[in-house]
$ cat upload-v7.cif   # mmCIF, C-alpha atoms
data_structure
loop_
_atom_site.group_PDB
_atom_site.id
_atom_site.type_symbol
_atom_site.label_atom_id
_atom_site.label_comp_id
_atom_site.auth_asym_id
_atom_site.auth_seq_id
_atom_site.Cartn_x
_atom_site.Cartn_y
_atom_site.Cartn_z
ATOM 1 C CA MET A 30 173.653 185.879 85.062
ATOM 2 C CA MET A 31 169.944 185.606 84.427
ATOM 3 C CA LYS A 32 169.150 189.298 83.989
ATOM 4 C CA SER A 33 166.906 189.158 80.914
ATOM 5 C CA ILE A 34 164.222 186.476 81.132
ATOM 6 C CA LEU A 35 161.757 185.828 78.308
ATOM 7 C CA ALA A 36 158.526 184.305 79.631
ATOM 8 C CA VAL A 37 156.304 182.845 76.906
ATOM 9 C CA SER A 38 152.561 182.234 77.133
ATOM 10 C CA GLU A 39 149.987 181.033 74.647
ATOM 11 C CA GLY A 40 147.120 182.039 76.889
ATOM 12 C CA GLY A 41 146.233 178.746 78.499
ATOM 13 C CA PRO A 42 147.396 177.246 81.804
ATOM 14 C CA ASP A 43 150.946 177.959 80.646
ATOM 15 C CA ALA A 44 150.437 181.687 81.347
ATOM 16 C CA ALA A 45 150.409 181.286 85.106
ATOM 17 C CA MET A 46 153.081 178.560 85.046
ATOM 18 C CA SER A 47 155.660 180.399 82.970
ATOM 19 C CA PHE A 48 155.046 183.856 84.436
ATOM 20 C CA LYS A 49 155.236 182.669 88.058
ATOM 21 C CA LEU A 50 158.467 180.764 87.444
ATOM 22 C CA ALA A 51 159.944 183.712 85.556
ATOM 23 C CA ALA A 52 159.123 185.928 88.545
ATOM 24 C CA ARG A 53 160.851 183.448 90.857
ATOM 25 C CA VAL A 54 164.000 183.444 88.712
ATOM 26 C CA ALA A 55 163.956 187.238 88.409
ATOM 27 C CA SER A 56 163.746 187.531 92.187
ATOM 28 C CA GLU A 57 166.796 185.308 92.670
ATOM 29 C CA PHE A 58 168.958 187.162 90.150
ATOM 30 C CA ASP A 59 167.479 190.674 90.378
ATOM 31 C CA GLY A 60 166.496 190.305 86.740
ATOM 32 C CA ALA A 61 163.804 191.681 84.460
ATOM 33 C CA VAL A 62 161.116 189.712 82.660
ATOM 34 C CA ASP A 63 159.894 190.239 79.117
ATOM 35 C CA ALA A 64 156.522 188.521 78.742
ATOM 36 C CA LEU A 65 155.437 187.406 75.265
ATOM 37 C CA HIS A 66 151.989 186.189 74.280
ATOM 38 C CA LEU A 67 151.850 183.952 71.207
ATOM 39 C CA PRO A 68 148.550 182.980 69.594
ATOM 40 C CA VAL A 69 147.962 179.234 69.316
ATOM 41 C CA GLY A 70 149.009 178.151 65.842
ATOM 42 C CA PRO A 71 146.845 176.319 63.288
ATOM 43 C CA ALA A 72 146.885 172.546 63.072
ATOM 44 C CA GLY A 73 149.579 171.285 60.751
ATOM 45 C CA GLY A 74 152.004 173.005 58.410
ATOM 46 C CA MET A 75 154.231 175.860 59.443
ATOM 47 C CA VAL A 76 153.959 178.330 62.294
ATOM 48 C CA GLY A 77 156.061 181.458 62.056
ATOM 49 C CA GLY A 78 158.209 179.829 59.390
ATOM 50 C CA LEU A 79 159.288 176.933 61.641
ATOM 51 C CA ALA A 80 158.205 173.379 60.914
ATOM 52 C CA MET A 81 156.097 171.781 63.630
ATOM 53 C CA SER A 82 156.780 168.250 64.789
ATOM 54 C CA GLY A 83 154.780 165.653 62.885
ATOM 55 C CA GLU A 84 153.692 164.204 66.211
ATOM 56 C CA ALA A 85 152.483 167.588 67.423
ATOM 57 C CA MET A 86 150.408 168.582 64.406
ATOM 58 C CA PRO A 87 147.219 166.562 65.109
ATOM 59 C CA LEU A 88 147.095 167.885 68.669
ATOM 60 C CA ILE A 89 146.771 171.599 67.885
ATOM 61 C CA MET A 90 143.164 172.761 67.716
ATOM 62 C CA ASN A 91 141.829 175.382 65.327
ATOM 63 C CA LEU A 92 140.455 178.091 67.618
ATOM 64 C CA ASP A 93 137.991 180.763 66.578
ATOM 65 C CA ASP A 94 138.675 184.474 67.041
ATOM 66 C CA GLU A 95 136.684 184.586 70.287
ATOM 67 C CA ARG A 96 138.809 181.863 71.909
ATOM 68 C CA LEU A 97 142.029 183.410 70.643
ATOM 69 C CA GLU A 98 140.984 186.755 72.132
ATOM 70 C CA ALA A 99 140.109 185.095 75.445
ATOM 71 C CA ARG A 100 143.511 183.415 75.551
ATOM 72 C CA SER A 101 145.234 186.708 74.820
ATOM 73 C CA LYS A 102 143.363 188.307 77.713
ATOM 74 C CA GLU A 103 144.437 185.442 79.989
ATOM 75 C CA SER A 104 148.096 186.106 79.185
ATOM 76 C CA GLU A 105 147.614 189.808 79.868
ATOM 77 C CA ARG A 106 145.784 189.099 83.144
ATOM 78 C CA ALA A 107 148.556 186.736 84.286
ATOM 79 C CA TYR A 108 151.169 189.353 83.391
ATOM 80 C CA LYS A 109 149.455 192.084 85.381
ATOM 81 C CA GLU A 110 148.966 189.770 88.344
ATOM 82 C CA THR A 111 152.452 188.253 88.419
ATOM 83 C CA LEU A 112 155.026 190.297 86.527
ATOM 84 C CA ALA A 113 153.922 193.882 86.023
ATOM 85 C CA GLN A 114 155.411 195.058 89.342
ATOM 86 C CA ILE A 115 158.874 193.708 88.554
ATOM 87 C CA LYS A 116 161.275 196.492 87.658
ATOM 88 C CA GLY A 117 161.884 196.614 83.916
ATOM 89 C CA ALA A 118 159.126 194.106 83.033
ATOM 90 C CA THR A 119 157.578 194.356 79.556
ATOM 91 C CA TYR A 120 154.603 192.749 77.835
ATOM 92 C CA THR A 121 154.333 191.996 74.107
ATOM 93 C CA ALA A 122 151.250 190.610 72.410
ATOM 94 C CA ALA A 123 150.078 190.733 68.822
ATOM 95 C CA LYS A 124 147.650 188.702 66.762
ATOM 96 C CA THR A 125 150.413 188.267 64.219
ATOM 97 C CA ALA A 126 153.122 187.202 66.690
ATOM 98 C CA THR A 127 154.940 184.108 65.444
ATOM 99 C CA LEU A 128 157.461 181.568 66.599
ATOM 100 C CA ASP A 129 160.017 183.527 64.592
ATOM 101 C CA ALA A 130 159.357 186.486 66.896
ATOM 102 C CA MET A 131 159.877 184.275 69.938
ATOM 103 C CA VAL A 132 163.121 182.906 68.506
ATOM 104 C CA ALA A 133 164.419 186.393 67.720
ATOM 105 C CA MET A 134 163.626 187.618 71.232
ATOM 106 C CA GLY A 135 164.878 184.392 72.806
ATOM 107 C CA ARG A 136 168.289 184.627 71.182
ATOM 108 C CA CYS A 137 168.709 188.052 72.791
ATOM 109 C CA SER A 138 167.685 186.817 76.262
ATOM 110 C CA ASP A 139 169.556 185.004 79.011
ATOM 111 C CA LEU A 140 166.786 182.463 79.620
ATOM 112 C CA LEU A 141 163.430 181.387 78.178
ATOM 113 C CA VAL A 142 160.640 180.179 80.449
ATOM 114 C CA LEU A 143 157.670 178.189 79.146
ATOM 115 C CA GLY A 144 154.813 176.313 80.758
ATOM 116 C CA ARG A 145 154.689 172.532 80.785
ATOM 117 C CA PRO A 146 153.407 170.984 77.527
ATOM 118 C CA GLY A 147 150.372 168.765 77.865
ATOM 119 C CA ALA A 148 148.672 170.962 80.473
ATOM 120 C CA ASP A 149 146.559 172.811 77.904
ATOM 121 C CA PRO A 150 143.675 170.840 76.337
ATOM 122 C CA GLU A 151 143.498 173.336 73.468
ATOM 123 C CA ASN A 152 147.229 173.143 72.751
ATOM 124 C CA VAL A 153 148.485 169.762 73.908
ATOM 125 C CA ALA A 154 151.861 169.750 72.151
ATOM 126 C CA PRO A 155 152.887 173.375 71.565
ATOM 127 C CA ALA A 156 155.498 174.019 68.892
ATOM 128 C CA THR A 157 156.952 176.718 71.158
ATOM 129 C CA VAL A 158 158.862 174.166 73.252
ATOM 130 C CA GLU A 159 160.612 172.584 70.297
ATOM 131 C CA ALA A 160 161.435 175.969 68.757
ATOM 132 C CA ALA A 161 162.764 177.323 72.050
ATOM 133 C CA LEU A 162 165.016 174.323 72.654
ATOM 134 C CA TYR A 163 166.390 173.870 69.165
ATOM 135 C CA GLU A 164 166.300 177.340 67.575
ATOM 136 C CA CYS A 165 167.099 179.874 70.320
ATOM 137 C CA ALA A 166 170.577 178.695 71.409
ATOM 138 C CA ARG A 167 169.649 179.641 74.964
ATOM 139 C CA PRO A 168 168.677 177.719 78.098
ATOM 140 C CA VAL A 169 165.005 176.886 78.448
ATOM 141 C CA MET A 170 163.162 176.411 81.730
ATOM 142 C CA ILE A 171 159.969 174.363 81.733
ATOM 143 C CA ALA A 172 157.594 175.415 84.483
ATOM 144 C CA PRO A 173 155.525 172.801 86.319
ATOM 145 C CA PRO A 174 151.960 173.612 87.436
ATOM 146 C CA ASN A 175 153.385 174.669 90.823
ATOM 147 C CA ALA A 176 156.400 176.880 90.127
ATOM 148 C CA GLY A 177 157.471 176.902 93.784
ATOM 149 C CA ILE A 178 158.873 179.796 95.790
ATOM 150 C CA GLY A 179 162.218 180.935 97.125
ATOM 151 C CA ASN A 180 165.731 180.113 95.998
ATOM 152 C CA PHE A 181 166.803 177.039 94.052
ATOM 153 C CA ASN A 182 168.787 175.543 96.921
ATOM 154 C CA SER A 183 168.942 171.884 95.884
ATOM 155 C CA ILE A 184 169.765 171.078 92.257
ATOM 156 C CA VAL A 185 170.085 167.753 90.455
ATOM 157 C CA VAL A 186 172.188 167.727 87.281
ATOM 158 C CA ALA A 187 171.618 164.751 84.975
ATOM 159 C CA TRP A 188 175.113 163.989 83.673
ATOM 160 C CA ASN A 189 176.031 161.576 80.873
ATOM 161 C CA GLY A 190 179.075 163.311 79.406
ATOM 162 C CA SER A 191 177.274 164.423 76.237
ATOM 163 C CA PHE A 192 177.644 167.867 74.681
ATOM 164 C CA GLN A 193 173.956 168.527 75.422
ATOM 165 C CA ALA A 194 174.527 167.800 79.115
ATOM 166 C CA ALA A 195 177.660 169.966 79.097
ATOM 167 C CA ARG A 196 175.799 172.850 77.525
ATOM 168 C CA ALA A 197 172.915 172.572 80.001
ATOM 169 C CA LEU A 198 175.451 172.514 82.843
ATOM 170 C CA GLU A 199 177.167 175.633 81.535
ATOM 171 C CA TYR A 200 173.884 177.531 81.317
ATOM 172 C CA ALA A 201 172.951 176.353 84.820
ATOM 173 C CA LEU A 202 176.134 177.699 86.454
ATOM 174 C CA PRO A 203 174.453 180.854 87.854
ATOM 175 C CA PHE A 204 171.969 178.586 89.654
ATOM 176 C CA LEU A 205 174.634 176.103 90.781
ATOM 177 C CA GLU A 206 176.781 178.869 92.259
ATOM 178 C CA LYS A 207 173.887 179.947 94.498
ATOM 179 C CA ALA A 208 172.707 176.458 95.479
ATOM 180 C CA SER A 209 173.518 174.875 98.836
ATOM 181 C CA LYS A 210 173.374 171.343 97.414
ATOM 182 C CA VAL A 211 174.317 170.150 93.925
ATOM 183 C CA THR A 212 174.096 166.509 92.862
ATOM 184 C CA LEU A 213 175.629 165.121 89.680
ATOM 185 C CA LEU A 214 173.373 162.188 88.847
ATOM 186 C CA VAL A 215 174.531 159.499 86.432
ATOM 187 C CA VAL A 216 171.775 157.250 85.083
ATOM 188 C CA GLY A 217 172.447 153.798 83.655
ATOM 189 C CA THR A 218 176.258 153.864 83.596
ATOM 190 C CA LYS A 219 179.260 154.230 85.893
ATOM 191 C CA PRO A 220 180.230 157.774 86.961
ATOM 192 C CA ASP A 221 183.846 157.190 85.939
ATOM 193 C CA ASP A 222 182.734 156.273 82.417
ATOM 194 C CA VAL A 223 181.327 159.780 81.885
ATOM 195 C CA GLY A 224 183.979 161.796 83.730
ATOM 196 C CA ALA A 225 181.806 162.680 86.715
ATOM 197 C CA SER A 226 184.717 162.958 89.157
ATOM 198 C CA TYR A 227 186.635 165.151 86.703
ATOM 199 C CA LEU A 228 183.582 167.396 86.361
ATOM 200 C CA ALA A 229 183.121 167.566 90.143
ATOM 201 C CA ARG A 230 186.749 168.606 90.567
ATOM 202 C CA ASN A 231 186.433 171.342 87.968
ATOM 203 C CA LEU A 232 183.181 172.634 89.448
ATOM 204 C CA GLY A 233 184.988 172.844 92.788
ATOM 205 C CA ARG A 234 187.360 175.331 91.237
ATOM 206 C CA ASN A 235 184.309 177.539 90.702
ATOM 207 C CA GLY A 236 183.240 177.234 94.309
ATOM 208 C CA ILE A 237 180.640 174.535 93.563
ATOM 209 C CA ASN A 238 181.101 171.326 95.555
ATOM 210 C CA PRO A 239 178.765 168.685 94.120
ATOM 211 C CA THR A 240 178.155 165.157 95.263
ATOM 212 C CA ILE A 241 178.086 162.322 92.730
ATOM 213 C CA ASP A 242 175.330 159.742 92.695
ATOM 214 C CA ALA A 243 174.285 157.029 90.259
ATOM 215 C CA ILE A 244 171.169 154.992 89.595
ATOM 216 C CA ASP A 245 170.782 152.003 87.315
ATOM 217 C CA PRO A 246 167.272 151.463 85.929
ATOM 218 C CA GLY A 247 168.562 148.509 83.881
ATOM 219 C CA ALA A 248 168.273 147.895 80.151
ATOM 220 C CA VAL A 249 165.114 149.915 79.625
ATOM 221 C CA SER A 250 163.679 152.468 77.221
ATOM 222 C CA GLY A 251 164.518 156.158 77.195
ATOM 223 C CA ARG A 252 161.156 156.976 78.732
ATOM 224 C CA ALA A 253 161.847 154.503 81.553
ATOM 225 C CA ARG A 254 165.187 156.196 82.179
ATOM 226 C CA GLY A 255 163.300 159.482 82.264
ATOM 227 C CA ARG A 256 160.957 158.049 84.892
ATOM 228 C CA ALA A 257 163.939 156.909 86.968
ATOM 229 C CA LEU A 258 165.473 160.391 86.772
ATOM 230 C CA LEU A 259 162.189 162.004 87.791
ATOM 231 C CA GLY A 260 161.731 159.586 90.680
ATOM 232 C CA TYR A 261 165.169 160.412 92.039
ATOM 233 C CA THR A 262 164.655 164.164 91.652
ATOM 234 C CA HIS A 263 161.287 164.147 93.372
ATOM 235 C CA ASP A 264 162.390 161.799 96.173
ATOM 236 C CA LYS A 265 165.350 164.052 96.980
ATOM 237 C CA GLY A 266 163.139 167.145 97.171
ATOM 238 C CA ALA A 267 165.177 169.006 94.564
ATOM 239 C CA ASP A 268 164.237 172.570 93.592
ATOM 240 C CA LEU A 269 165.591 172.312 90.047
ATOM 241 C CA LEU A 270 166.528 169.606 87.535
ATOM 242 C CA VAL A 271 169.144 170.299 84.866
ATOM 243 C CA MET A 272 169.529 168.090 81.785
ATOM 244 C CA GLY A 273 170.386 168.153 78.108
ATOM 245 C CA ALA A 274 167.698 167.943 75.429
ATOM 246 C CA TYR A 275 168.122 165.137 72.948
ATOM 247 C CA GLY A 276 166.550 163.453 69.970
ATOM 248 C CA ARG A 277 165.128 166.011 67.548
ATOM 249 C CA GLY A 278 166.161 164.071 64.477
ATOM 250 C CA GLN A 279 164.301 160.883 65.369
ATOM 251 C CA VAL A 280 160.700 159.814 64.856
ATOM 252 C CA LEU A 281 159.601 159.934 68.492
ATOM 253 C CA SER A 282 156.491 160.153 70.564
ATOM 254 C CA PHE A 283 156.531 163.631 72.069
ATOM 255 C CA LEU A 284 157.239 166.940 70.338
ATOM 256 C CA GLY A 285 159.876 165.266 68.182
ATOM 257 C CA LEU A 286 162.084 164.931 71.267
ATOM 258 C CA GLY A 287 163.977 161.961 72.645
ATOM 259 C CA GLY A 288 162.076 159.449 74.764
ATOM 260 C CA ALA A 289 163.733 160.422 78.039
ATOM 261 C CA THR A 290 163.544 164.116 77.156
ATOM 262 C CA GLY A 291 159.840 163.947 76.374
ATOM 263 C CA LYS A 292 159.036 162.018 79.530
ATOM 264 C CA VAL A 293 160.888 164.467 81.751
ATOM 265 C CA ILE A 294 159.408 167.549 80.072
ATOM 266 C CA SER A 295 155.845 166.298 80.382
ATOM 267 C CA SER A 296 156.054 164.961 83.953
ATOM 268 C CA CYS A 297 158.651 166.862 85.990
ATOM 269 C CA ARG A 298 157.104 168.356 89.127
ATOM 270 C CA VAL A 299 159.941 170.843 89.684
ATOM 271 C CA PRO A 300 161.375 173.489 87.360
ATOM 272 C CA LEU A 301 163.431 171.949 84.589
ATOM 273 C CA LEU A 302 166.384 173.686 82.930
ATOM 274 C CA MET A 303 167.345 172.271 79.535
ATOM 275 C CA ALA A 304 169.618 173.035 76.618
ATOM 276 C CA HIS A 305 170.474 171.389 73.317
#
$ encode --input "upload-v7.cif" --output "structure tokens"
Amino acid sequence: MMKSILAVSEGGPDAAMSFKLAARVASEFDGAVDALHLPVGPAGGMVGGLAMSGEAMPLIMNLDDERLEARSKESERAYKETLAQIKGATYTAAKTATLDAMVAMGRCSDLLVLGRPGADPENVAPATVEAALYECARPVMIAPPNAGIGNFNSIVVAWNGSFQAARALEYALPFLEKASKVTLLVVGTKPDDVGASYLARNLGRNGINPTIDAIDPGAVSGRARGRALLGYTHDKGADLLVMGAYGRGQVLSFLGLGGATGKVISSCRVPLLMAH
């Protein structure tokens, strides 16, 4: 269950995004939220002992103490407005907080929630997203600008038979068990080639009765497949998208992530649950 939720903010637009989505998840599972403010890291090099993506480094601005203080106050304001009334909620902020601190807290949590990358002009490609996905060994939810309200009734699961997809599916089970509609979506291949019917049968044994659907965007790039997945999710009015996170080891265009992964993270209009 999602009882311990770590909501991360760096004091920009992500504060409202991540804290509001964390509150929504906490409401569904009667959970508690631990809010963490991280200062924006310096451009280049290492932050908290974790290497930043080469693509991300030029996009992090050096902020003066006044701006860092203002961003810290924005995280605190968002916490008081959104999370402080939730039973068991906590708030942690320190000028010396690092990504290592986030990773340590994240590994002890059931879920991490972060705001959408690219929404903050002072921190366009935050290293927090990469660290959360690849270092915490926990599910990560990316909050869109509008976190939505109510239960996650309709869920799309992007399924390709990979271990990343399987891990994301496992972490999403508490959401799937509560949903009224679950769709296993296969993109660019046949459902039988990735065991979709086998998965649907096994989910049925857990009281989850998904439908299987497939779309074929053709022989296109990973980012184009990501666009096709997003189009389907948005057209169906889904409340949540679940998918694996791929591609850290490649030289890619967004946060060191795979083309489809980066496209979905930066453009999904509904909450996105991912795992690597």
$ resolve_selection --input "upload-v7.cif" --expression "the PyMOL selection byres ((chain A and resi 165) around 10)" --output "PyMOL selection string"
chain A and resi 129+131-138+140-141+159-164+166-169+304-305
$ closest_residue --input "upload-v7.cif" --among "A:Thr111, A:Thr121, A:Ser47, A:Asn152" --to "Met170 in chain A" --atoms "all atoms listed in the file"
A:Ser47
$ closest_residue --input "upload-v7.cif" --among "A:Leu269, A:Val54, A:Ala126, A:Met303" --to "Ala195 in chain A" --atoms "all atoms listed in the file"
A:Met303
$ resolve_selection --input "upload-v7.cif" --expression "the PyMOL selection byres ((chain A and resi 116) around 9)" --output "PyMOL selection string"
chain A and resi 59-62+112-115+117-118
$ write_last_selection --input "upload-v7.cif" --atoms "C-alpha atoms" --output "compact mmCIF listing (two decimals), keeping the file's coordinate frame"
# COMPACT_ATOMS: atom_id res chain seq x y z
CA ASP A 59 167.48 190.67 90.38
CA GLY A 60 166.50 190.30 86.74
CA ALA A 61 163.80 191.68 84.46
CA VAL A 62 161.12 189.71 82.66
CA LEU A 112 155.03 190.30 86.53
CA ALA A 113 153.92 193.88 86.02
CA GLN A 114 155.41 195.06 89.34
CA ILE A 115 158.87 193.71 88.55
CA GLY A 117 161.88 196.61 83.92
CA ALA A 118 159.13 194.11 83.03
$ resolve_selection --input "upload-v7.cif" --expression "the PyMOL selection byres ((chain A and resi 172) around 7)" --output "ChimeraX atom specification"
/A:46-47,50,142-145,170-171,173-174,176,300-301
$ residues_around --input "upload-v7.cif" --residues "Pro239 in chain A" --least-positions-apart "4" --cutoff "7 Å" --atoms "all atoms listed in the file" --output "ChimeraX atom specification"
/A:210-213,229
$ residues_around --input "upload-v7.cif" --residues "Ser191 in chain A" --least-positions-apart "6" --cutoff "10 Å" --atoms "all atoms listed in the file" --output "PyMOL selection string"
chain A and resi 197+223+273+275
$ write_last_selection --input "upload-v7.cif" --atoms "C-alpha atoms" --output "compact mmCIF listing (two decimals), keeping the file's coordinate frame"
# COMPACT_ATOMS: atom_id res chain seq x y z
CA ALA A 197 172.92 172.57 80.00
CA VAL A 223 181.33 159.78 81.89
CA GLY A 273 170.39 168.15 78.11
CA TYR A 275 168.12 165.14 72.95
$ decode --input "upload-v7.cif" --residues "range 240-267 of chain A" --atoms "N, CA and C atoms" --output "PDB file, in the first residue's frame"
ATOM      1  N   THR A 240      -8.680  -4.833 -19.772  1.00  0.00           N
ATOM      2  CA  THR A 240      -8.876  -5.028 -21.205  1.00  0.00           C
ATOM      3  C   THR A 240      -7.524  -4.850 -21.886  1.00  0.00           C
ATOM      4  N   ILE A 241      -7.373  -5.470 -23.050  1.00  0.00           N
ATOM      5  CA  ILE A 241      -6.129  -5.376 -23.809  1.00  0.00           C
ATOM      6  C   ILE A 241      -6.394  -4.559 -25.069  1.00  0.00           C
ATOM      7  N   ASP A 242      -5.523  -3.619 -25.329  1.00  0.00           N
ATOM      8  CA  ASP A 242      -5.632  -2.820 -26.543  1.00  0.00           C
ATOM      9  C   ASP A 242      -4.239  -2.671 -27.145  1.00  0.00           C
ATOM     10  N   ALA A 243      -4.184  -2.347 -28.412  1.00  0.00           N
ATOM     11  CA  ALA A 243      -2.900  -2.182 -29.095  1.00  0.00           C
ATOM     12  C   ALA A 243      -2.993  -1.045 -30.095  1.00  0.00           C
ATOM     13  N   ILE A 244      -1.903  -0.308 -30.219  1.00  0.00           N
ATOM     14  CA  ILE A 244      -1.789   0.716 -31.256  1.00  0.00           C
ATOM     15  C   ILE A 244      -0.473   0.519 -31.982  1.00  0.00           C
ATOM     16  N   ASP A 245      -0.454   0.866 -33.248  1.00  0.00           N
ATOM     17  CA  ASP A 245       0.748   0.693 -34.056  1.00  0.00           C
ATOM     18  C   ASP A 245       1.126   2.018 -34.699  1.00  0.00           C
ATOM     19  N   PRO A 246       2.080   2.748 -34.109  1.00  0.00           N
ATOM     20  CA  PRO A 246       2.492   4.024 -34.692  1.00  0.00           C
ATOM     21  C   PRO A 246       3.419   3.859 -35.890  1.00  0.00           C
ATOM     22  N   GLY A 247       3.754   2.603 -36.242  1.00  0.00           N
ATOM     23  CA  GLY A 247       4.643   2.358 -37.372  1.00  0.00           C
ATOM     24  C   GLY A 247       6.110   2.377 -36.955  1.00  0.00           C
ATOM     25  N   ALA A 248       6.975   2.297 -37.934  1.00  0.00           N
ATOM     26  CA  ALA A 248       8.420   2.278 -37.679  1.00  0.00           C
ATOM     27  C   ALA A 248       8.894   3.706 -37.416  1.00  0.00           C
ATOM     28  N   VAL A 249       8.768   4.132 -36.180  1.00  0.00           N
ATOM     29  CA  VAL A 249       9.072   5.513 -35.821  1.00  0.00           C
ATOM     30  C   VAL A 249      10.041   5.537 -34.644  1.00  0.00           C
ATOM     31  N   SER A 250      10.445   6.734 -34.263  1.00  0.00           N
ATOM     32  CA  SER A 250      11.386   6.908 -33.164  1.00  0.00           C
ATOM     33  C   SER A 250      10.724   6.638 -31.823  1.00  0.00           C
ATOM     34  N   GLY A 251      11.564   6.522 -30.784  1.00  0.00           N
ATOM     35  CA  GLY A 251      11.038   6.328 -29.441  1.00  0.00           C
ATOM     36  C   GLY A 251      10.164   7.485 -29.010  1.00  0.00           C
ATOM     37  N   ARG A 252      10.559   8.700 -29.361  1.00  0.00           N
ATOM     38  CA  ARG A 252       9.758   9.860 -28.969  1.00  0.00           C
ATOM     39  C   ARG A 252       8.404   9.832 -29.668  1.00  0.00           C
ATOM     40  N   ALA A 253       8.374   9.356 -30.921  1.00  0.00           N
ATOM     41  CA  ALA A 253       7.093   9.246 -31.629  1.00  0.00           C
ATOM     42  C   ALA A 253       6.214   8.189 -30.979  1.00  0.00           C
ATOM     43  N   ARG A 254       6.807   7.100 -30.523  1.00  0.00           N
ATOM     44  CA  ARG A 254       6.027   6.099 -29.792  1.00  0.00           C
ATOM     45  C   ARG A 254       5.489   6.694 -28.489  1.00  0.00           C
ATOM     46  N   GLY A 255       6.318   7.525 -27.848  1.00  0.00           N
ATOM     47  CA  GLY A 255       5.854   8.210 -26.648  1.00  0.00           C
ATOM     48  C   GLY A 255       4.662   9.105 -26.931  1.00  0.00           C
ATOM     49  N   ARG A 256       4.705   9.812 -28.074  1.00  0.00           N
ATOM     50  CA  ARG A 256       3.576  10.668 -28.445  1.00  0.00           C
ATOM     51  C   ARG A 256       2.320   9.842 -28.685  1.00  0.00           C
ATOM     52  N   ALA A 257       2.481   8.670 -29.313  1.00  0.00           N
ATOM     53  CA  ALA A 257       1.332   7.805 -29.573  1.00  0.00           C
ATOM     54  C   ALA A 257       0.729   7.311 -28.253  1.00  0.00           C
ATOM     55  N   LEU A 258       1.572   6.957 -27.312  1.00  0.00           N
ATOM     56  CA  LEU A 258       1.105   6.506 -25.998  1.00  0.00           C
ATOM     57  C   LEU A 258       0.364   7.631 -25.274  1.00  0.00           C
ATOM     58  N   LEU A 259       0.922   8.829 -25.328  1.00  0.00           N
ATOM     59  CA  LEU A 259       0.268   9.970 -24.686  1.00  0.00           C
ATOM     60  C   LEU A 259      -1.071  10.276 -25.335  1.00  0.00           C
ATOM     61  N   GLY A 260      -1.118  10.234 -26.669  1.00  0.00           N
ATOM     62  CA  GLY A 260      -2.363  10.508 -27.368  1.00  0.00           C
ATOM     63  C   GLY A 260      -3.461   9.543 -26.957  1.00  0.00           C
ATOM     64  N   TYR A 261      -3.123   8.276 -26.864  1.00  0.00           N
ATOM     65  CA  TYR A 261      -4.096   7.267 -26.450  1.00  0.00           C
ATOM     66  C   TYR A 261      -4.567   7.543 -25.021  1.00  0.00           C
ATOM     67  N   THR A 262      -3.631   7.783 -24.127  1.00  0.00           N
ATOM     68  CA  THR A 262      -3.965   8.006 -22.718  1.00  0.00           C
ATOM     69  C   THR A 262      -4.882   9.209 -22.535  1.00  0.00           C
ATOM     70  N   HIS A 263      -4.557  10.279 -23.229  1.00  0.00           N
ATOM     71  CA  HIS A 263      -5.360  11.501 -23.092  1.00  0.00           C
ATOM     72  C   HIS A 263      -6.734  11.328 -23.744  1.00  0.00           C
ATOM     73  N   ASP A 264      -6.773  10.676 -24.906  1.00  0.00           N
ATOM     74  CA  ASP A 264      -8.053  10.484 -25.600  1.00  0.00           C
ATOM     75  C   ASP A 264      -9.014   9.622 -24.790  1.00  0.00           C
ATOM     76  N   LYS A 265      -8.469   8.666 -24.040  1.00  0.00           N
ATOM     77  CA  LYS A 265      -9.309   7.770 -23.245  1.00  0.00           C
ATOM     78  C   LYS A 265      -9.712   8.378 -21.901  1.00  0.00           C
ATOM     79  N   GLY A 266      -9.196   9.562 -21.589  1.00  0.00           N
ATOM     80  CA  GLY A 266      -9.542  10.199 -20.323  1.00  0.00           C
ATOM     81  C   GLY A 266      -9.018   9.457 -19.109  1.00  0.00           C
ATOM     82  N   ALA A 267      -7.854   8.842 -19.231  1.00  0.00           N
ATOM     83  CA  ALA A 267      -7.292   8.076 -18.122  1.00  0.00           C
ATOM     84  C   ALA A 267      -6.905   8.993 -16.966  1.00  0.00           C
TER      85      ALA A 267
END
